[in-house]
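Here's the structure we're looking at; comments come further down.
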Amino acid sequence: MNDGYRVLSLDDLERLPSTDGELTLLPLRRTIGFQPFGVNAWLGANAGDQVIERHPEQGGDEELYVVVRGRATFTLGDETFDAPPGTLVHALPGTLREAIAADDDTVVLAVGAQAGEVWESAGWEDFYVAFAHRAAGKVDEGRAIVADALARHPGTWQGPYNAACFEALAGDDDAAFAHLAVAVGRAPAIIAKHAPDDPDLMRLQSDPRWNELFR
Amino acid sequence: MTHLHVDELDRIELDDGFEWRPIRRAFDIRAFGVNAYAPGATGRVVEEHSESTLGHEEIYLVLRGRARFTVDGNEHELGAGELVFVQDPALRRGAIALTDDTLVLALGGKPGAPHVTSAWEAMFAAVPAGREGRWADAIRMHEEALEEHPGNAALLYNLACMESRGGRPLDAILHLTQAVSQDPKWSEYAARDPDFDPIRPEPGFPA
């Protein structure tokens, strides 16, 4: 930050793949420390790549997508349309949306927040970045981000659940079970529903502690 | 309406010589501030201003073309895909387009507060109606904005301007008086504002 402001290019941002490799985040908000609402960019490096994941934004955020460069095919509810650079797509909460790159090097800016509410980082950004670091072999950096996220979002089940996934993937089973036990304590029904089908946690299921947790 | 191209948005050229393309209003977005700007007659693409009053953090992203930004007295030339994030609301910022096709996306909001639609949007949106003498439309837009921003002095002042030009002297004096009661600067503005020439001789004109 240069005395209260910062100049950068979207190409200066890290390119962080999702755990499944389907998405690439350019973490704008986190990089610049923007606080009023959510804003990030997503990259489709090759035509056919998913740029915006298929999701309904059930959390209540309204979102605006801006095609910065390249070209995308957007699906919004039942409508599918071509989106050249300069296209603005407005999606209300609950509307299923997805974008697929139609050209190489497609970048879409995603802006979102819930009307009438103070915006707070939901924590997904932290874990997305932490998981990407782990996948790149920077486990300690990822772990530090996880610890910071847990400290900033105390009392949620999502934090320790994602921390358990992180540690399971990182190979620290003791830490994974410790986090998972916290998550189960906070939301037993939700964790019992999702954990058995979560590929991040699959390896833990052969450990006796798994059955102790979910018996 | 769910999607639009930036070139399909309304284009409202403002007196400061830049063109406002209202995105937030087009979609009735309530959660954050977002608009686009293109160069007008003067080549300016972002008004020189600070965000001290609103306390907004702002991001200006060049969507196409090229622009020279000045932030806190420092110049930066930005092309498509480059941005300036102004975290400190007090810093003065502005931009001049270096190509005719320049388009800048502006995102803004106040940290730690739910987004509130900025009152200036209604004033900008009413500019075409005022230029075309459609006073009833311009007045209605200000009245609607005042429902969202009760007592906003700038809106009251501008409403009074429209009412003065639109042949509603009593309403104009009432609303100008309300603005002046909040801040005497509006009286100073009114004293040299030609919008008030039609009502300046009226009794009770507060300037």
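Labeling convention for the structure tokens: chains A, B, ... as they appear, residues from 1 per chain, ligands from 1 in order of appearance.
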Do a neighbour search on region 124-133 of chain B at 8 Å with only C-alpha atoms, toss out local chain neighbours closer than 6 positions, and write the hits as a short mmCIF file (atom, residue, chain, number, x, y, z; two decimals) with C-alpha atoms, in the first residue's frame.
data_model
loop_
_atom_site.label_atom_id
_atom_site.label_comp_id
_atom_site.auth_asym_id
_atom_site.auth_seq_id
_atom_site.Cartn_x
_atom_site.Cartn_y
_atom_site.Cartn_z
CA ILE B 12 -25.26 10.62 -18.90
CA LEU B 14 -22.19 15.47 -16.65
CA TRP B 20 -21.64 8.36 -16.11
CA MET B 141 -36.43 11.73 -9.01
CA HIS B 142 -35.23 14.02 -6.24
CA MET B 162 -35.57 22.02 -10.15
CA GLY B 166 -40.12 24.30 -12.95
#
Skip Asp103 (chain A) itself and residues of its chain fewer than 3 positions away, then list as a PyMOL selection string all residues within 8 Å of it, counting only C-alpha atoms. chain A and resi 46-48+70-72+106
Could you dump the residues just selected with C-alpha atoms as a compact mmCIF listing (two decimals), in the first residue's frame?
# COMPACT_ATOMS: atom_id res chain seq x y z
CA ASN A 46 -8.35 -22.13 -21.61
CA ALA A 47 -11.60 -22.13 -23.53
CA GLY A 48 -13.87 -24.69 -21.90
CA GLY A 70 -11.85 -13.06 -23.04
CA ARG A 71 -15.38 -14.35 -23.47
CA ALA A 72 -17.67 -16.52 -21.37
CA THR A 106 -11.00 -15.19 -19.83
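The nearest approach to Gly159 (chain A) among the residues A:Ala192, A:Val184, A:Leu10, A:Ala101, with only C-alpha atoms taken into account, belongs to A:Val184.
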DSSP alpha helix (DSSP H) residues within region 103-151 of chain B, listed as a ChimeraX atom specification: /B:119-125,127-131,135-148
Only C-alpha atoms, please: the residues just picked out, written as a short mmCIF file (atom, residue, chain, number, x, y, z; two decimals), in the first residue's frame.
data_model
loop_
_atom_site.label_atom_id
_atom_site.label_comp_id
_atom_site.auth_asym_id
_atom_site.auth_seq_id
_atom_site.Cartn_x
_atom_site.Cartn_y
_atom_site.Cartn_z
CA ALA B 119 -27.60 10.45 -2.82
CA TRP B 120 -25.53 11.84 -5.68
CA GLU B 121 -26.78 9.06 -7.97
CA ALA B 122 -30.27 10.60 -8.08
CA MET B 123 -28.80 14.04 -8.82
CA PHE B 124 -26.72 12.61 -11.67
CA ALA B 125 -29.67 10.62 -12.98
CA VAL B 127 -29.42 15.70 -15.20
CA PRO B 128 -30.96 14.71 -18.58
CA ALA B 129 -34.45 15.60 -17.39
CA GLY B 130 -33.19 18.99 -16.19
CA ARG B 131 -31.38 19.67 -19.47
CA TRP B 135 -38.93 19.53 -14.49
CA ALA B 136 -41.68 17.26 -13.21
CA ASP B 137 -39.48 14.20 -13.91
CA ALA B 138 -36.42 15.80 -12.33
CA ILE B 139 -38.43 16.82 -9.26
CA ARG B 140 -39.90 13.33 -8.91
CA MET B 141 -36.43 11.73 -9.01
CA HIS B 142 -35.23 14.02 -6.24
CA GLU B 143 -38.35 13.39 -4.15
CA GLU B 144 -37.86 9.63 -4.49
CA ALA B 145 -34.23 9.96 -3.43
CA LEU B 146 -35.25 12.06 -0.43
CA GLU B 147 -37.48 9.20 0.73
CA GLU B 148 -34.30 7.13 0.95
#
Dump as CSV the rows for residues of chain A within 8 Å of chain B: closest atom pair and distance in Å with one decimal, only C-alpha atoms counted, ordered by chain and rising residue number.
residue,atom,partner,partner_atom,distance
A:Gly4,CA,B:Asp88,CA,4.8
A:Tyr5,CA,B:Val86,CA,4.3
A:Arg6,CA,B:Phe85,CA,5.2
A:Val7,CA,B:Val84,CA,4.3
A:Leu8,CA,B:Leu83,CA,5.6
A:Ser9,CA,B:Glu82,CA,4.0
A:Leu10,CA,B:Gly81,CA,5.7
A:Asp11,CA,B:Gly81,CA,7.6
A:Ile32,CA,B:Phe85,CA,7.4
A:Phe34,CA,B:Glu57,CA,7.4
A:Gln35,CA,B:Pro111,CA,5.2
A:Pro36,CA,B:Pro111,CA,4.1
A:Phe37,CA,B:Phe32,CA,7.0
A:Asp61,CA,B:Ala31,CA,7.9
A:Glu62,CA,B:Ala31,CA,6.9
A:Val68,CA,B:Leu63,CA,6.1
A:Gly86,CA,B:Val6,CA,5.4
A:Thr87,CA,B:His5,CA,4.3
A:Leu88,CA,B:Leu4,CA,5.3
A:Val89,CA,B:His3,CA,4.4
A:His90,CA,B:Thr2,CA,5.1
A:Ala91,CA,B:Thr2,CA,6.8
A:Gly112,CA,B:Ala31,CA,7.4
A:Ala113,CA,B:Ala31,CA,5.4
A:Gln114,CA,B:Ala31,CA,5.4
A:Ala115,CA,B:Ala31,CA,3.9
A:Gly116,CA,B:Pro114,CA,5.1
A:Glu117,CA,B:Pro114,CA,4.7
A:Val118,CA,B:Pro114,CA,4.4
A:Trp119,CA,B:Gly112,CA,6.8
Which residues come within 9 Å of Ala130 (chain A), counting only C-alpha atoms, excluding same-chain residues fewer than 2 positions away, as a VMD selection string? chain A and resid 125 to 128 132 to 135 138 to 139 141 to 146 166
Output of the above residues as a PDB file, in the first residue's frame, restricted to N, CA and C atoms:
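Here's the written file out.pdb:
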ATOM      1  N   GLU A 125     -12.542 -17.486   1.442  1.00  0.00           N
ATOM      2  CA  GLU A 125     -11.332 -16.999   0.769  1.00  0.00           C
ATOM      3  C   GLU A 125     -10.089 -17.527   1.468  1.00  0.00           C
ATOM      4  N   ASP A 126     -10.109 -17.448   2.817  1.00  0.00           N
ATOM      5  CA  ASP A 126      -8.946 -17.905   3.587  1.00  0.00           C
ATOM      6  C   ASP A 126      -8.649 -19.372   3.293  1.00  0.00           C
ATOM      7  N   PHE A 127      -9.700 -20.180   3.354  1.00  0.00           N
ATOM      8  CA  PHE A 127      -9.471 -21.615   3.176  1.00  0.00           C
ATOM      9  C   PHE A 127      -9.112 -21.957   1.728  1.00  0.00           C
ATOM     10  N   TYR A 128      -9.723 -21.221   0.795  1.00  0.00           N
ATOM     11  CA  TYR A 128      -9.364 -21.448  -0.606  1.00  0.00           C
ATOM     12  C   TYR A 128      -7.862 -21.216  -0.794  1.00  0.00           C
ATOM     13  N   ALA A 132      -4.845 -23.937  -1.565  1.00  0.00           N
ATOM     14  CA  ALA A 132      -3.998 -23.774  -2.748  1.00  0.00           C
ATOM     15  C   ALA A 132      -2.520 -23.808  -2.363  1.00  0.00           C
ATOM     16  N   HIS A 133      -2.191 -23.183  -1.244  1.00  0.00           N
ATOM     17  CA  HIS A 133      -0.801 -23.215  -0.768  1.00  0.00           C
ATOM     18  C   HIS A 133      -0.379 -24.647  -0.440  1.00  0.00           C
ATOM     19  N   ARG A 134      -1.284 -25.374   0.227  1.00  0.00           N
ATOM     20  CA  ARG A 134      -0.954 -26.762   0.569  1.00  0.00           C
ATOM     21  C   ARG A 134      -0.699 -27.573  -0.698  1.00  0.00           C
ATOM     22  N   ALA A 135      -1.567 -27.386  -1.673  1.00  0.00           N
ATOM     23  CA  ALA A 135      -1.418 -28.151  -2.913  1.00  0.00           C
ATOM     24  C   ALA A 135      -0.108 -27.809  -3.621  1.00  0.00           C
ATOM     25  N   LYS A 138       3.306 -25.622  -0.031  1.00  0.00           N
ATOM     26  CA  LYS A 138       3.593 -24.616   1.008  1.00  0.00           C
ATOM     27  C   LYS A 138       2.644 -24.837   2.186  1.00  0.00           C
ATOM     28  N   VAL A 139       2.841 -26.001   2.848  1.00  0.00           N
ATOM     29  CA  VAL A 139       1.910 -26.419   3.898  1.00  0.00           C
ATOM     30  C   VAL A 139       1.931 -25.457   5.080  1.00  0.00           C
ATOM     31  N   GLU A 141       2.674 -22.301   5.179  1.00  0.00           N
ATOM     32  CA  GLU A 141       1.980 -21.047   4.839  1.00  0.00           C
ATOM     33  C   GLU A 141       0.470 -21.248   4.885  1.00  0.00           C
ATOM     34  N   GLY A 142       0.025 -22.374   4.335  1.00  0.00           N
ATOM     35  CA  GLY A 142      -1.402 -22.683   4.357  1.00  0.00           C
ATOM     36  C   GLY A 142      -1.909 -22.837   5.778  1.00  0.00           C
ATOM     37  N   ARG A 143      -1.125 -23.508   6.597  1.00  0.00           N
ATOM     38  CA  ARG A 143      -1.539 -23.737   7.990  1.00  0.00           C
ATOM     39  C   ARG A 143      -1.648 -22.411   8.758  1.00  0.00           C
ATOM     40  N   ALA A 144      -0.765 -21.500   8.475  1.00  0.00           N
ATOM     41  CA  ALA A 144      -0.822 -20.185   9.138  1.00  0.00           C
ATOM     42  C   ALA A 144      -2.099 -19.441   8.748  1.00  0.00           C
ATOM     43  N   ILE A 145      -2.502 -19.571   7.492  1.00  0.00           N
ATOM     44  CA  ILE A 145      -3.751 -18.917   7.046  1.00  0.00           C
ATOM     45  C   ILE A 145      -4.948 -19.563   7.733  1.00  0.00           C
ATOM     46  N   VAL A 146      -4.914 -20.904   7.874  1.00  0.00           N
ATOM     47  CA  VAL A 146      -5.993 -21.609   8.569  1.00  0.00           C
ATOM     48  C   VAL A 146      -6.099 -21.117  10.012  1.00  0.00           C
ATOM     49  N   PHE A 166      -8.141 -29.599   5.637  1.00  0.00           N
ATOM     50  CA  PHE A 166      -6.776 -29.153   5.332  1.00  0.00           C
ATOM     51  C   PHE A 166      -5.762 -30.121   5.931  1.00  0.00           C
TER      52      PHE A 166
END
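Looking only at region 90-192 of chain A, the set that DSSP places in strand (DSSP E) from backbone geometry is His90, Ala91, Arg97, Glu98, Ala99, Ile100, Ala101, Thr106, Val107, Val108, Leu109, Ala110, Val111, Gly112 and Ala113 of chain A.
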Residue neighbourhood Ala195 (chain A), 10 Å, only C-alpha atoms, exclusion window fewer than 5 positions, as a ChimeraX atom specification: /A:161,165,180,184,190,200-202,205,214
Keeping N, CA and C atoms, export the residues of the selection given above as a PDB file, in the first residue's frame.
ATOM      1  N   TYR A 161     -14.226 -27.443  10.422  1.00  0.00           N
ATOM      2  CA  TYR A 161     -14.449 -28.498   9.419  1.00  0.00           C
ATOM      3  C   TYR A 161     -13.442 -28.355   8.272  1.00  0.00           C
ATOM      4  N   CYS A 165     -10.280 -30.743   7.013  1.00  0.00           N
ATOM      5  CA  CYS A 165     -10.002 -31.147   5.618  1.00  0.00           C
ATOM      6  C   CYS A 165      -8.555 -30.799   5.252  1.00  0.00           C
ATOM      7  N   LEU A 180     -11.976 -31.838  13.568  1.00  0.00           N
ATOM      8  CA  LEU A 180     -13.260 -32.459  13.231  1.00  0.00           C
ATOM      9  C   LEU A 180     -14.120 -32.625  14.486  1.00  0.00           C
ATOM     10  N   VAL A 184     -17.874 -31.255  14.884  1.00  0.00           N
ATOM     11  CA  VAL A 184     -18.991 -32.131  15.272  1.00  0.00           C
ATOM     12  C   VAL A 184     -19.681 -31.573  16.516  1.00  0.00           C
ATOM     13  N   ILE A 190     -25.071 -31.610  10.732  1.00  0.00           N
ATOM     14  CA  ILE A 190     -24.514 -31.164   9.440  1.00  0.00           C
ATOM     15  C   ILE A 190     -23.231 -31.932   9.122  1.00  0.00           C
ATOM     16  N   ASP A 200     -12.021 -35.092   0.815  1.00  0.00           N
ATOM     17  CA  ASP A 200     -10.866 -34.615   1.597  1.00  0.00           C
ATOM     18  C   ASP A 200     -10.667 -35.462   2.853  1.00  0.00           C
ATOM     19  N   LEU A 201     -11.773 -36.003   3.372  1.00  0.00           N
ATOM     20  CA  LEU A 201     -11.723 -36.730   4.644  1.00  0.00           C
ATOM     21  C   LEU A 201     -11.726 -38.252   4.464  1.00  0.00           C
ATOM     22  N   MET A 202     -11.791 -38.691   3.231  1.00  0.00           N
ATOM     23  CA  MET A 202     -11.983 -40.117   2.950  1.00  0.00           C
ATOM     24  C   MET A 202     -10.945 -40.992   3.658  1.00  0.00           C
ATOM     25  N   GLN A 205     -11.418 -42.260   7.278  1.00  0.00           N
ATOM     26  CA  GLN A 205     -12.509 -43.169   7.639  1.00  0.00           C
ATOM     27  C   GLN A 205     -12.022 -44.535   8.097  1.00  0.00           C
ATOM     28  N   PHE A 214     -18.396 -40.563  15.010  1.00  0.00           N
ATOM     29  CA  PHE A 214     -19.703 -40.585  14.331  1.00  0.00           C
ATOM     30  C   PHE A 214     -20.616 -41.733  14.752  1.00  0.00           C
TER      31      PHE A 214
END
Test item: residues at most 6 Å from region 44-53 of chain B, only C-alpha atoms, excluding those fewer than 6 positions along its chain, as a PDB file with C-alpha atoms, in the first residue's frame:
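Result file is around06.pdb:
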ATOM      1  CA  PHE B  18     -17.272  12.872 -18.033  1.00  0.00           C
ATOM      2  CA  TYR B  37     -17.371   6.000 -16.461  1.00  0.00           C
ATOM      3  CA  ALA B  38     -16.334   7.011 -19.958  1.00  0.00           C
ATOM      4  CA  PRO B  89     -11.181   8.215   1.634  1.00  0.00           C
ATOM      5  CA  ALA B  90      -9.401  11.534   2.151  1.00  0.00           C
ATOM      6  CA  LEU B  91      -7.094  11.133  -0.849  1.00  0.00           C
ATOM      7  CA  ARG B  92      -8.022  13.155  -3.887  1.00  0.00           C
ATOM      8  CA  ARG B  93      -8.261  11.083  -7.014  1.00  0.00           C
ATOM      9  CA  GLY B  94      -9.283  11.519 -10.643  1.00  0.00           C
ATOM     10  CA  ALA B  95      -8.462  10.271 -14.133  1.00  0.00           C
ATOM     11  CA  ILE B  96      -8.097  11.543 -17.678  1.00  0.00           C
ATOM     12  CA  ALA B  97      -8.735   9.150 -20.565  1.00  0.00           C
TER      13      ALA B  97
END
Can you tell me which residues surround Pro184 (chain B) at a distance of at most 12 Å, considering only C-alpha atoms, apart from same-chain residues fewer than 5 positions away, and format the answer as a JSON list (two decimals) with C-alpha atoms, in the first residue's frame?
[["chain", "number", "residue", "atom", "x", "y", "z"],
["B", 153, "ALA", "CA", -29.10, 18.84, 2.21],
["B", 157, "TYR", "CA", -30.83, 22.08, -2.63],
["B", 176, "LEU", "CA", -33.84, 25.68, -0.11],
["B", 177, "THR", "CA", -34.61, 26.97, 3.39],
["B", 178, "GLN", "CA", -34.39, 23.41, 4.71],
["B", 179, "ALA", "CA", -31.00, 22.95, 3.04],
["B", 189, "TYR", "CA", -24.29, 28.73, -3.40],
["B", 190, "ALA", "CA", -27.86, 29.90, -3.96],
["B", 191, "ALA", "CA", -26.81, 33.54, -4.02],
["B", 206, "PRO", "CA", -32.96, 32.54, 1.95],
["B", 207, "ALA", "CA", -29.92, 33.99, 0.27]]
Determine, counting only C-alpha atoms, which protein, DNA and RNA residues have an atom within 7 Å of an atom of Asp195 (chain B); residues of the same chain fewer than 2 positions away are not included. Present the result as a list in words. Cys161, Ser164, Arg165, Asp193 and Asp197 of chain B
